[in-house]
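Peer 1: Okay, so here is my_file05.csv, and as you'll see once you scroll down, it has CSV, C-alpha atoms and all ligand atoms.
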```csv
chain,number,residue,atom,x,y,z
A,548,MET,CA,-11.9,5.9,-7.4
A,549,VAL,CA,-12.1,9.1,-5.5
A,550,ASP,CA,-10.1,9.2,-2.2
A,551,THR,CA,-12.7,10.3,0.4
A,552,PRO,CA,-11.2,11.2,3.7
A,553,PRO,CA,-13.0,9.7,6.8
A,554,ARG,CA,-15.7,11.9,8.3
A,555,SER,CA,-15.5,12.8,12.0
A,556,LYS,CA,-18.6,12.8,14.2
A,557,SER,CA,-19.0,16.5,13.7
A,558,GLY,CA,-19.2,16.0,9.9
A,559,LEU,CA,-15.9,17.7,9.2
A,560,THR,CA,-13.5,15.8,7.1
A,561,THR,CA,-9.8,15.5,7.7
A,562,ARG,CA,-9.3,17.9,4.8
A,563,ASP,CA,-11.4,20.5,6.5
A,564,ASN,CA,-8.5,22.3,8.2
A,565,LEU,CA,-9.6,25.3,10.2
A,566,THR,CA,-7.9,28.5,8.9
A,567,THR,CA,-8.5,31.8,10.6
A,568,LEU,CA,-8.1,35.2,8.8
A,569,GLN,CA,-4.9,35.7,10.9
A,570,THR,CA,-3.5,32.3,9.9
A,571,HIS,CA,-4.3,33.0,6.3
A,572,ILE,CA,-2.5,36.3,6.3
A,573,LEU,CA,0.6,34.9,8.1
A,574,ALA,CA,0.7,32.1,5.6
A,575,GLU,CA,0.5,34.6,2.7
A,576,GLU,CA,3.3,36.7,4.2
A,577,GLN,CA,5.6,33.7,4.4
A,578,LYS,CA,5.5,33.6,0.6
A,579,TYR,CA,7.3,36.9,0.6
A,580,PRO,CA,10.6,36.8,2.6
A,581,GLU,CA,10.9,40.6,2.6
A,582,ALA,CA,7.4,41.0,4.3
A,583,SER,CA,7.8,42.7,7.7
A,584,GLY,CA,4.5,41.5,9.2
A,585,THR,CA,3.1,45.0,9.1
A,586,PHE,CA,0.3,44.0,6.9
A,587,SER,CA,-0.8,41.3,9.2
A,588,TRP,CA,-1.1,43.8,12.0
A,589,ILE,CA,-3.3,46.1,9.9
A,590,LEU,CA,-5.6,43.3,8.9
A,591,SER,CA,-5.9,42.1,12.5
A,592,ALA,CA,-6.9,45.7,13.4
A,593,LEU,CA,-9.6,45.6,10.7
A,594,ALA,CA,-10.8,42.2,11.9
A,595,LEU,CA,-11.0,43.4,15.5
A,596,SER,CA,-13.0,46.5,14.3
A,597,ALA,CA,-15.4,44.3,12.4
A,598,LYS,CA,-16.1,42.2,15.5
A,599,VAL,CA,-16.7,45.2,17.7
A,600,ILE,CA,-18.9,46.9,15.1
A,601,ALA,CA,-20.9,43.8,14.5
A,602,ASP,CA,-21.4,43.4,18.3
A,603,LYS,CA,-22.5,47.1,18.6
A,604,MET,CA,-25.0,46.7,15.8
A,605,ARG,CA,-26.6,43.7,17.3
A,606,ARG,CA,-27.3,45.6,20.5
A,607,ALA,CA,-28.1,49.0,18.8
A,608,ARG,CA,-31.7,49.2,19.6
A,609,ILE,CA,-31.2,48.0,23.2
A,610,HIS,CA,-28.5,50.6,23.8
A,611,ASP,CA,-30.4,53.3,21.9
A,612,VAL,CA,-27.8,54.1,19.3
A,613,LEU,CA,-30.1,53.8,16.2
A,614,GLY,CA,-31.2,56.8,14.3
A,615,SER,CA,-29.4,60.0,13.2
A,616,LEU,CA,-27.5,62.6,15.0
A,617,ASP,CA,-28.2,66.3,14.6
A,618,SER,CA,-25.0,66.6,12.4
A,619,ASP,CA,-24.0,66.1,8.8
A,620,ASN,CA,-20.8,64.7,7.6
A,621,VAL,CA,-18.4,66.6,5.3
A,622,GLN,CA,-20.5,65.6,2.3
A,623,GLY,CA,-23.7,67.1,3.7
A,624,GLU,CA,-25.2,63.7,4.5
A,625,ARG,CA,-27.0,63.2,7.8
A,626,GLN,CA,-24.8,61.0,10.1
A,627,GLN,CA,-26.3,58.0,11.9
A,628,LYS,CA,-25.2,57.5,15.5
A,629,LEU,CA,-23.6,54.2,14.4
A,630,ASP,CA,-21.7,55.9,11.6
A,631,VAL,CA,-19.8,57.9,14.2
A,632,ILE,CA,-19.4,54.9,16.5
A,633,ALA,CA,-18.0,52.7,13.7
A,634,ASN,CA,-15.7,55.4,12.6
A,635,GLU,CA,-14.3,55.8,16.2
A,636,ILE,CA,-13.8,52.0,16.5
A,637,LEU,CA,-11.8,51.8,13.3
A,638,LEU,CA,-9.7,54.8,14.2
A,639,ARG,CA,-9.0,53.4,17.7
A,640,CYS,CA,-8.1,49.9,16.3
A,641,LEU,CA,-5.9,51.2,13.5
A,642,GLY,CA,-4.4,54.1,15.4
A,643,THR,CA,-2.2,51.9,17.5
A,644,ARG,CA,-0.7,49.8,14.7
A,645,SER,CA,2.8,50.8,13.8
A,646,GLY,CA,2.5,50.2,10.1
A,647,VAL,CA,-0.3,52.7,9.6
A,648,ALA,CA,0.9,56.1,8.4
A,649,ILE,CA,-2.5,57.7,7.4
A,650,VAL,CA,-6.1,56.9,7.9
A,651,ALA,CA,-8.9,58.5,5.9
A,652,SER,CA,-12.6,58.0,6.4
A,653,GLU,CA,-15.9,58.9,4.7
A,654,GLU,CA,-16.9,60.6,7.9
A,655,ASP,CA,-13.9,62.9,8.3
A,656,GLU,CA,-13.1,65.9,6.2
A,657,ASN,CA,-9.4,65.4,6.2
A,658,PRO,CA,-7.1,62.3,6.4
A,659,THR,CA,-5.5,61.7,9.8
A,660,LEU,CA,-1.8,61.6,9.9
A,661,ILE,CA,-0.8,59.0,12.5
A,662,GLN,CA,2.9,58.6,12.0
A,663,ARG,CA,5.2,60.2,9.5
A,664,GLU,CA,7.9,57.6,9.8
A,665,THR,CA,7.9,54.1,11.2
A,666,GLY,CA,11.5,53.1,11.3
A,667,GLY,CA,12.6,50.8,8.4
A,668,GLU,CA,9.1,49.5,7.7
A,669,ARG,CA,7.1,50.5,4.7
A,670,PRO,CA,4.0,52.1,6.2
A,671,TYR,CA,0.5,52.0,4.7
A,672,CYS,CA,-2.5,54.3,4.3
A,673,VAL,CA,-5.9,52.8,5.2
A,674,LEU,CA,-9.0,54.3,3.7
A,675,PHE,CA,-12.5,53.3,4.8
A,676,ASP,CA,-16.2,53.8,4.7
A,677,PRO,CA,-17.0,52.7,8.3
A,678,LEU,CA,-20.7,51.9,7.8
A,679,ASP,CA,-21.8,51.7,4.2
A,680,GLY,CA,-25.6,51.8,3.7
A,681,SER,CA,-26.1,53.0,7.2
A,682,SER,CA,-29.7,54.3,6.6
A,683,ASN,CA,-30.6,50.6,6.5
A,684,LEU,CA,-29.8,50.3,10.2
A,685,ASP,CA,-33.1,51.5,11.6
A,686,THR,CA,-34.9,48.7,9.8
A,687,CYS,CA,-32.5,45.9,10.6
A,688,GLY,CA,-31.2,46.0,7.0
A,689,THR,CA,-27.7,44.8,5.9
A,690,VAL,CA,-24.8,47.2,6.2
A,691,GLY,CA,-21.0,46.9,5.7
A,692,THR,CA,-17.6,48.4,6.1
A,693,ILE,CA,-15.3,48.9,3.0
A,694,PHE,CA,-11.6,49.4,3.2
A,695,SER,CA,-8.7,50.1,0.8
A,696,ILE,CA,-5.0,49.8,1.7
A,697,LEU,CA,-2.4,51.9,-0.1
A,698,ARG,CA,1.3,52.2,0.2
A,699,HIS,CA,2.3,55.5,1.8
A,700,ASP,CA,4.1,57.9,-0.6
A,701,ARG,CA,6.7,59.5,1.6
A,702,ARG,CA,7.5,62.1,-1.1
A,703,ALA,CA,3.9,63.4,-1.1
A,704,GLN,CA,3.4,67.0,0.1
A,705,SER,CA,0.4,66.3,2.3
A,706,PRO,CA,-1.6,63.3,3.6
A,707,GLU,CA,-4.2,63.9,1.0
A,708,ALA,CA,-1.6,63.9,-1.8
A,709,SER,CA,-0.3,60.6,-0.5
A,710,ILE,CA,-3.7,58.9,-0.9
A,711,LEU,CA,-4.7,60.2,-4.3
A,712,GLN,CA,-3.6,57.1,-6.0
A,713,LYS,CA,-5.3,55.1,-8.8
A,714,GLY,CA,-7.1,52.0,-7.8
A,715,THR,CA,-4.5,49.9,-9.6
A,716,GLU,CA,-2.1,50.9,-6.8
A,717,GLN,CA,-4.1,49.3,-4.0
A,718,ALA,CA,-2.0,46.9,-1.9
A,719,ALA,CA,-5.2,45.3,-0.6
A,720,ALA,CA,-8.9,45.9,-0.4
A,721,GLY,CA,-11.9,44.3,1.2
A,722,TYR,CA,-15.2,44.6,3.0
A,723,MET,CA,-17.1,43.3,6.0
A,724,LEU,CA,-20.8,42.6,5.6
A,725,TYR,CA,-23.0,42.6,8.7
A,726,GLY,CA,-25.9,40.4,7.7
A,727,SER,CA,-27.3,37.2,8.9
A,728,SER,CA,-23.6,36.4,9.5
A,729,THR,CA,-20.6,38.6,9.6
A,730,VAL,CA,-18.5,38.1,6.5
A,731,PHE,CA,-15.0,39.4,5.7
A,732,VAL,CA,-13.9,39.4,2.1
A,733,LEU,CA,-10.3,40.2,1.3
A,734,THR,CA,-8.0,40.5,-1.7
A,735,THR,CA,-4.3,41.3,-1.5
A,736,GLY,CA,-4.0,41.1,-5.3
A,737,THR,CA,-3.8,37.3,-5.6
A,738,GLY,CA,-7.4,36.4,-5.7
A,739,VAL,CA,-10.3,36.8,-3.3
A,740,SER,CA,-10.8,35.0,0.0
A,741,MET,CA,-14.0,34.9,2.1
A,742,PHE,CA,-14.2,34.4,5.9
A,743,VAL,CA,-17.2,34.2,8.2
A,744,LEU,CA,-17.1,35.2,11.9
A,745,ASP,CA,-17.7,32.2,14.2
A,746,PRO,CA,-19.2,34.2,17.2
A,747,SER,CA,-18.6,31.3,19.6
A,748,ILE,CA,-14.8,31.5,19.2
A,749,GLY,CA,-14.6,35.1,18.1
A,750,SER,CA,-12.6,34.3,14.9
A,751,PHE,CA,-13.1,34.8,11.2
A,752,LEU,CA,-12.8,31.4,9.6
A,753,LEU,CA,-11.9,30.8,5.9
A,754,VAL,CA,-14.9,29.5,4.1
A,755,GLN,CA,-13.8,30.0,0.4
A,756,GLN,CA,-10.5,30.7,-1.3
A,757,ASN,CA,-10.1,32.0,-4.8
A,758,VAL,CA,-13.7,33.2,-5.0
A,759,ARG,CA,-14.8,33.5,-8.7
A,760,ILE,CA,-17.7,35.6,-9.9
A,761,PRO,CA,-20.1,33.9,-12.3
A,762,ALA,CA,-19.4,35.1,-15.9
A,763,ALA,CA,-23.1,36.1,-16.3
A,764,GLY,CA,-26.2,36.4,-14.2
A,765,LYS,CA,-29.5,38.0,-15.2
A,766,THR,CA,-29.8,40.4,-12.3
A,767,TYR,CA,-29.2,44.1,-12.2
A,768,SER,CA,-28.9,46.2,-9.0
A,769,VAL,CA,-29.6,49.9,-9.4
A,770,ASN,CA,-31.8,52.6,-7.8
A,771,GLU,CA,-34.5,52.6,-10.5
A,772,GLY,CA,-36.2,55.5,-8.7
A,773,ASN,CA,-33.5,57.6,-10.4
A,774,ARG,CA,-34.1,56.1,-13.9
A,775,GLN,CA,-35.4,59.3,-15.5
A,776,SER,CA,-32.3,61.2,-14.6
A,777,PHE,CA,-29.8,58.6,-15.8
A,778,PRO,CA,-28.0,59.3,-19.1
A,779,GLN,CA,-29.9,57.8,-22.1
A,780,GLY,CA,-27.5,54.8,-22.5
A,781,TYR,CA,-28.3,53.4,-19.0
A,782,GLN,CA,-32.1,53.8,-19.8
A,783,ARG,CA,-31.5,51.9,-23.0
A,784,TYR,CA,-29.7,49.2,-21.0
A,785,LEU,CA,-32.6,48.9,-18.5
A,786,ASP,CA,-35.1,48.6,-21.4
A,787,TRP,CA,-33.0,45.8,-22.9
A,788,ALA,CA,-32.6,44.0,-19.6
A,789,GLN,CA,-36.3,44.2,-18.8
A,790,SER,CA,-37.2,42.8,-22.1
A,791,ASN,CA,-34.7,40.0,-21.7
A,792,GLY,CA,-36.0,38.5,-18.4
A,793,TYR,CA,-33.7,40.2,-15.9
A,794,SER,CA,-34.6,40.5,-12.2
A,795,SER,CA,-33.9,43.6,-10.1
A,796,ARG,CA,-32.4,43.5,-6.6
A,797,TYR,CA,-31.4,46.6,-4.7
A,798,SER,CA,-30.8,46.8,-0.9
A,799,GLY,CA,-29.5,50.4,-0.6
A,800,ALA,CA,-26.2,49.1,0.7
A,801,MET,CA,-23.5,48.7,-2.0
A,802,VAL,CA,-21.7,46.0,0.1
A,803,ALA,CA,-24.7,43.8,0.3
A,804,ASP,CA,-25.6,44.3,-3.4
A,805,VAL,CA,-22.1,43.7,-4.7
A,806,HIS,CA,-21.6,40.7,-2.3
A,807,ARG,CA,-24.7,39.0,-3.8
A,808,ILE,CA,-23.4,39.7,-7.3
A,809,LEU,CA,-20.0,38.4,-6.4
A,810,LEU,CA,-21.5,35.1,-5.4
A,811,ARG,CA,-24.5,34.8,-7.8
A,812,GLY,CA,-23.6,37.0,-10.8
A,813,GLY,CA,-25.2,40.1,-12.2
A,814,VAL,CA,-24.3,43.8,-12.3
A,815,PHE,CA,-24.3,46.6,-9.8
A,816,LEU,CA,-24.7,50.2,-11.1
A,817,TYR,CA,-24.7,53.7,-9.7
A,818,PRO,CA,-24.8,55.9,-12.8
A,819,PRO,CA,-24.6,59.7,-13.0
A,820,THR,CA,-27.9,61.4,-12.1
A,821,LYS,CA,-29.0,65.0,-12.4
A,822,LYS,CA,-28.5,65.3,-8.6
A,823,SER,CA,-25.1,63.7,-8.7
A,824,PRO,CA,-23.6,64.2,-12.2
A,825,GLU,CA,-20.4,62.5,-11.2
A,826,GLY,CA,-22.2,59.6,-9.5
A,827,LYS,CA,-22.9,59.3,-5.8
A,828,LEU,CA,-20.4,56.7,-4.6
A,829,ARG,CA,-17.0,57.7,-3.4
A,830,GLN,CA,-14.0,56.6,-5.5
A,831,LEU,CA,-11.3,56.0,-2.9
A,832,TYR,CA,-13.0,54.1,-0.2
A,833,GLU,CA,-16.2,52.7,-1.8
A,834,VAL,CA,-15.8,52.1,-5.6
A,835,ASN,CA,-12.0,51.4,-5.9
A,836,PRO,CA,-11.9,48.6,-3.2
A,837,MET,CA,-15.1,47.0,-4.5
A,838,ALA,CA,-13.7,47.2,-8.0
A,839,MET,CA,-10.5,45.5,-7.0
A,840,ILE,CA,-12.4,42.7,-5.3
A,841,ILE,CA,-14.6,42.2,-8.4
A,842,GLU,CA,-11.7,42.2,-10.8
A,843,GLN,CA,-9.7,39.8,-8.6
A,844,ALA,CA,-12.7,37.5,-8.8
A,845,GLY,CA,-12.7,37.6,-12.6
A,846,GLY,CA,-15.3,40.4,-13.0
A,847,LYS,CA,-15.2,43.9,-14.5
A,848,ALA,CA,-15.6,47.4,-13.1
A,849,VAL,CA,-16.0,50.5,-15.2
A,850,SER,CA,-17.0,54.1,-14.9
A,851,GLY,CA,-18.7,54.9,-18.2
A,852,THR,CA,-16.5,53.0,-20.5
A,853,THR,CA,-13.3,53.5,-18.6
A,854,ARG,CA,-11.8,50.9,-16.2
A,855,VAL,CA,-12.5,52.2,-12.6
A,856,LEU,CA,-9.1,51.3,-11.3
A,857,GLU,CA,-7.3,53.4,-13.9
A,858,SER,CA,-9.2,56.6,-13.1
A,859,GLN,CA,-7.1,59.2,-11.4
A,860,PRO,CA,-8.8,60.5,-8.2
A,861,LYS,CA,-8.5,64.3,-7.6
A,862,ALA,CA,-9.8,64.6,-4.1
A,863,LEU,CA,-10.3,62.4,-1.0
A,864,HIS,CA,-14.1,62.5,-1.2
A,865,GLN,CA,-14.3,62.3,-5.0
A,866,ARG,CA,-17.4,60.7,-6.4
A,867,ILE,CA,-17.5,58.5,-9.4
A,868,ALA,CA,-20.1,56.7,-11.4
A,869,CYS,CA,-19.7,52.9,-11.5
A,870,CYS,CA,-20.9,49.7,-13.0
A,871,MET,CA,-19.4,46.4,-11.8
A,872,GLY,CA,-20.0,42.7,-11.7
A,873,SER,CA,-20.0,39.7,-14.0
A,874,PRO,CA,-17.9,40.4,-17.1
A,875,ASP,CA,-20.7,39.5,-19.6
A,876,GLU,CA,-23.2,41.7,-17.8
A,877,VAL,CA,-20.8,44.7,-17.6
A,878,ASP,CA,-20.3,44.3,-21.3
A,879,HIS,CA,-24.1,44.4,-21.9
A,880,VAL,CA,-24.2,47.7,-20.0
A,881,VAL,CA,-21.2,49.2,-21.8
A,882,ARG,CA,-22.5,48.4,-25.3
A,883,HIS,CA,-25.7,50.4,-24.6
A,884,LEU,CA,-23.7,53.5,-23.6
A,885,GLY,CA,-22.2,54.3,-27.0
B,1,LIG,P1,-23.4,55.7,2.5
B,1,LIG,O1,-22.0,55.3,2.5
B,1,LIG,O2,-23.6,57.2,3.0
B,1,LIG,O3,-24.3,54.8,3.3
B,1,LIG,O4,-23.9,55.8,1.0
B,1,LIG,C1,-23.6,54.8,0.1
B,1,LIG,C2,-24.8,54.0,-0.3
B,1,LIG,C3,-24.4,52.7,-1.0
B,1,LIG,O5,-24.2,51.7,-0.1
B,1,LIG,C4,-25.7,52.5,-1.8
B,1,LIG,O6,-25.4,51.7,-2.9
B,1,LIG,C5,-26.1,53.8,-2.1
B,1,LIG,O7,-25.5,54.7,-1.2
B,1,LIG,C6,-27.6,54.0,-2.1
B,1,LIG,O8,-27.9,55.3,-2.5
B,1,LIG,P2,-29.4,55.6,-3.0
B,1,LIG,O9,-30.2,55.6,-1.8
B,1,LIG,O10,-29.2,56.9,-3.7
B,1,LIG,O11,-29.8,54.5,-4.0
B,2,MG,MG,-20.9,54.2,1.7
```
Give the structure from this file in structure tokens form.
Peer 2:
Amino acid sequence: MVDTPPRSKSGLTTRDNLTTLQTHILAEEQKYPEASGTFSWILSALALSAKVIADKMRRARIHDVLGSLDSDNVQGERQQKLDVIANEILLRCLGTRSGVAIVASEEDENPTLIQRETGGERPYCVLFDPLDGSSNLDTCGTVGTIFSILRHDRRAQSPEASILQKGTEQAAAGYMLYGSSTVFVLTTGTGVSMFVLDPSIGSFLLVQQNVRIPAAGKTYSVNEGNRQSFPQGYQRYLDWAQSNGYSSRYSGAMVADVHRILLRGGVFLYPPTKKSPEGKLRQLYEVNPMAMIIEQAGGKAVSGTTRVLESQPKALHQRIACCMGSPDEVDHVVRHLG
């Protein structure tokens, strides 16, 4: 007979212990006696940023901060007002944490060196896309924040040289999704955990540990408007998927599309196009962190036929083609590329 714990009036069982993101990180750190607590400080800065960004977005129309600025970012893309606001929030939250040596953002041309040395601690580099999919904002669409945490290479000649590390070197990665609820998904290399913001208490609560991506799922997520400029292999894959009963889902925000695939299965693609022959998405702060999450959940992430995380980045804002999701679905794409 199954031992069912008694239910309280609220419907919670005695097994439903409340775990916040902060508690979770502290518990993880206790498994490693050499851990200094630095990591926990960085993640609490990211959680604080997420709460502030989520709040700003909710009031964006009222406070007249929707729409674009008259400026482009370093990659020639028109900046939304909230791109700049989210970037500043992350810089302000992370800038005061002692374990952060370097921050690098999609919105800034160069990485910011915060501290060269931090005593005996091992400092980290934090890379982020402050507001992924920001063109969705004007229509109340879903957007997110993506981050990657790397160990600082003290021997590197410059901040940029320190962060040009393969995705396999990431110490942690994650994203925040600002949708019907605010979600924080995190991996530190031992599986994937998912937290949801409880706005009434202002804390991210653990809702699922060891998230596993379904092995398959008949959904592809790609901008089909670009189809004619994809390499032939991707067009062959789309023909195959469409004649095998696949559905298409694409929101224009990678975080939202990959989050759905993480939970439901399927595949997300941003192939090379004639306009962006290397792909559109940025390797260091978009594709690598999402690829780490997907792999840690049991999925696959490739660029062409190469594992994303093994690809050596050459520049901070380097772009890379990508395909990630359920392992069987990534295999279906790859077998059409040959
Ligand atoms: P952004 O970081 O400037 O918002 O751009 C990244 C976004 C991804 O979230 C999304 O998958 C992709 O760009 C959408 O691009 P497209 O409109 O070309 O399909
Ligand atoms: Mg982005």
Peer 1: May I have a table of the residues of chain A lying at most 10 Å from ligand LIG 1 (chain B), giving each one's closest pair of atoms and their distance in Å to one decimal, counting only C-alpha atoms and all ligand atoms, ordered by chain and ascending residue number, as a Markdown table?
Peer 2:
```
| residue | atom | partner | partner_atom | distance |
| --- | --- | --- | --- | --- |
| A:Asn620 | CA | B:LIG1 | O2 | 9.2 |
| A:Gln622 | CA | B:LIG1 | O2 | 9.0 |
| A:Gly623 | CA | B:LIG1 | O2 | 9.9 |
| A:Glu624 | CA | B:LIG1 | O2 | 6.9 |
| A:Arg625 | CA | B:LIG1 | O2 | 8.4 |
| A:Gln626 | CA | B:LIG1 | O2 | 8.1 |
| A:Gln627 | CA | B:LIG1 | O2 | 9.3 |
| A:Asp630 | CA | B:LIG1 | O3 | 8.8 |
| A:Glu653 | CA | B:LIG1 | O1 | 7.4 |
| A:Glu654 | CA | B:LIG1 | O2 | 9.0 |
| A:Phe675 | CA | B:LIG1 | O1 | 10.0 |
| A:Asp676 | CA | B:LIG1 | O1 | 6.4 |
| A:Pro677 | CA | B:LIG1 | O1 | 8.1 |
| A:Leu678 | CA | B:LIG1 | O1 | 6.4 |
| A:Asp679 | CA | B:LIG1 | O1 | 4.0 |
| A:Gly680 | CA | B:LIG1 | O3 | 3.3 |
| A:Ser681 | CA | B:LIG1 | O3 | 4.7 |
| A:Ser682 | CA | B:LIG1 | O3 | 6.3 |
| A:Asn683 | CA | B:LIG1 | O3 | 8.2 |
| A:Leu684 | CA | B:LIG1 | O3 | 9.9 |
| A:Thr689 | CA | B:LIG1 | O5 | 9.8 |
| A:Val690 | CA | B:LIG1 | O5 | 7.8 |
| A:Gly691 | CA | B:LIG1 | O5 | 8.2 |
| A:Thr692 | CA | B:LIG1 | O1 | 8.9 |
| A:Ile693 | CA | B:LIG1 | O1 | 9.3 |
| A:Ser768 | CA | B:LIG1 | O6 | 8.9 |
| A:Val769 | CA | B:LIG1 | O11 | 7.1 |
| A:Asn770 | CA | B:LIG1 | O11 | 4.7 |
| A:Glu771 | CA | B:LIG1 | O11 | 8.2 |
| A:Gly772 | CA | B:LIG1 | O11 | 8.0 |
| A:Asn773 | CA | B:LIG1 | O10 | 8.0 |
| A:Tyr797 | CA | B:LIG1 | O6 | 8.1 |
| A:Ser798 | CA | B:LIG1 | O6 | 7.6 |
| A:Gly799 | CA | B:LIG1 | C6 | 4.3 |
| A:Ala800 | CA | B:LIG1 | O5 | 3.4 |
| A:Met801 | CA | B:LIG1 | O5 | 3.6 |
| A:Val802 | CA | B:LIG1 | O5 | 6.2 |
| A:Ala803 | CA | B:LIG1 | O5 | 7.9 |
| A:Asp804 | CA | B:LIG1 | O6 | 7.4 |
| A:Val805 | CA | B:LIG1 | O6 | 8.8 |
| A:Phe815 | CA | B:LIG1 | O6 | 8.7 |
| A:Leu816 | CA | B:LIG1 | O6 | 8.4 |
| A:Tyr817 | CA | B:LIG1 | O6 | 7.1 |
| A:Thr820 | CA | B:LIG1 | O10 | 9.6 |
| A:Lys822 | CA | B:LIG1 | O10 | 9.7 |
| A:Ser823 | CA | B:LIG1 | O10 | 9.4 |
| A:Gly826 | CA | B:LIG1 | O10 | 9.5 |
| A:Lys827 | CA | B:LIG1 | O7 | 7.0 |
| A:Leu828 | CA | B:LIG1 | C1 | 6.0 |
| A:Arg829 | CA | B:LIG1 | C1 | 8.0 |
| A:Tyr832 | CA | B:LIG1 | O1 | 9.5 |
| A:Glu833 | CA | B:LIG1 | O1 | 7.7 |
| A:Val834 | CA | B:LIG1 | C3 | 9.8 |
```
Peer 1: Closest to Cys687 (chain A) among A:Lys847, A:Arg854, A:Arg605, A:Arg644, using only C-alpha atoms?
Peer 2: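 Looking only at the distances to Cys687 (chain A), the closest residue turns out to be A:Arg605.
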Peer 1: Enter the distance from CA of Asn757 (chain A) to CA of Tyr725 (chain A), in Å, rounded to one decimal.
Peer 2: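 For CA of Asn757 (chain A) relative to CA of Tyr725 (chain A), the distance reads 21.5 Å.
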Peer 1: Any chance you could tabulate, as JSON lines, the residues of region 691-756 of chain A at most 8 Å from region 860-869 of chain A with each one's nearest atom pair and distance in Å to one decimal, using only C-alpha atoms, in chain and rising number order?
Peer 2:
```
{"residue": "A:Glu707", "atom": "CA", "partner": "A:Leu863", "partner_atom": "CA", "distance": 6.6}
{"residue": "A:Ile710", "atom": "CA", "partner": "A:Leu863", "partner_atom": "CA", "distance": 7.5}
{"residue": "A:Leu711", "atom": "CA", "partner": "A:Pro860", "partner_atom": "CA", "distance": 5.7}
{"residue": "A:Gln712", "atom": "CA", "partner": "A:Pro860", "partner_atom": "CA", "distance": 6.6}
{"residue": "A:Lys713", "atom": "CA", "partner": "A:Pro860", "partner_atom": "CA", "distance": 6.5}
```
Peer 1: Take the residues that were just selected and, keeping C-alpha atoms, output them as a short mmCIF file (atom, residue, chain, number, x, y, z; two decimals), keeping the file's coordinate frame.
Peer 2:
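And here is the file that came out, part-v7.cif:
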```cif
data_model
loop_
_atom_site.label_atom_id
_atom_site.label_comp_id
_atom_site.auth_asym_id
_atom_site.auth_seq_id
_atom_site.Cartn_x
_atom_site.Cartn_y
_atom_site.Cartn_z
CA GLU A 707 -4.20 63.90 1.00
CA ILE A 710 -3.70 58.90 -0.90
CA LEU A 711 -4.70 60.20 -4.30
CA GLN A 712 -3.60 57.10 -6.00
CA LYS A 713 -5.30 55.10 -8.80
#
```
Peer 1: For the atom pair CA of Asp875 (chain A) and CA of Val754 (chain A), what is the interatomic distance in Å to one decimal place?
Peer 2: 26.4 Å
Peer 1: Can you pull out the residues contacting region 672-674 of chain A? Cut-off 6 Å, using all atoms listed in the file, and skip same-chain residues under 3 positions away; I want them as a list in words.
Peer 2: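 Everything that qualifies: Val647, Ala648, Ile649, Val650, Ala651, Ser652, Phe694, Ser695, Ile696, Leu697, Arg698, His699 and Tyr832 of chain A.
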Peer 1: Counting only C-alpha atoms and all ligand atoms, which of A:Ser587, A:Ser858, A:Gln779, A:Gln830 gets nearest to ligand MG 2 (chain B)?
Peer 2: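 Nearest candidate to ligand MG 2 (chain B) out of A:Ser587, A:Ser858, A:Gln779, A:Gln830: A:Gln830.
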Peer 1: Show me, as a list in words, the residues that have an atom within 6 Å of region 842-845 of chain A when counting all atoms listed in the file, minus same-chain residues fewer than 4 positions from it.
Peer 2: Gly738, Val758, Arg759 and Ile760 of chain A
Peer 1: Considering all atoms listed in the file, can you say which of A:Ser850, A:Asn835, A:Thr735, A:Ser790 comes closest to Glu575 (chain A)?
Peer 2: A:Thr735
Peer 1: Have a look at A:Leu831, A:Val739, A:Cys640, A:Ala762 and name the one nearest to ligand MG 2 (chain B); count only C-alpha atoms and all ligand atoms.
Peer 2: A:Leu831
Peer 1: Show me the residues around (-33.5, 43.2, -11.0) - criterion: an atom at most 9 Å away, only C-alpha atoms counted - as a CSV table (one decimal) with C-alpha atoms, keeping the file's coordinate frame.
Peer 2:
```
chain,number,residue,atom,x,y,z
A,765,LYS,CA,-29.5,38.0,-15.2
A,766,THR,CA,-29.8,40.4,-12.3
A,767,TYR,CA,-29.2,44.1,-12.2
A,768,SER,CA,-28.9,46.2,-9.0
A,769,VAL,CA,-29.6,49.9,-9.4
A,788,ALA,CA,-32.6,44.0,-19.6
A,789,GLN,CA,-36.3,44.2,-18.8
A,793,TYR,CA,-33.7,40.2,-15.9
A,794,SER,CA,-34.6,40.5,-12.2
A,795,SER,CA,-33.9,43.6,-10.1
A,796,ARG,CA,-32.4,43.5,-6.6
A,797,TYR,CA,-31.4,46.6,-4.7
A,813,GLY,CA,-25.2,40.1,-12.2
```
Peer 1: Given all atoms listed in the file as the basis, pick out the residue of A:Gly792, A:Pro819, A:Gly736, A:Gly749 nearest to Phe777 (chain A).
Peer 2: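 Closest residue, counting all atoms listed in the file: A:Pro819.
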Peer 1: Skip Phe751 (chain A) itself and residues of its chain fewer than 4 positions away, then list as a PyMOL selection string all residues within 12 Å of it, counting all atoms listed in the file.
Peer 2: chain A and resi 565-572+590-591+593-595+597-598+723+728-733+740-747+755
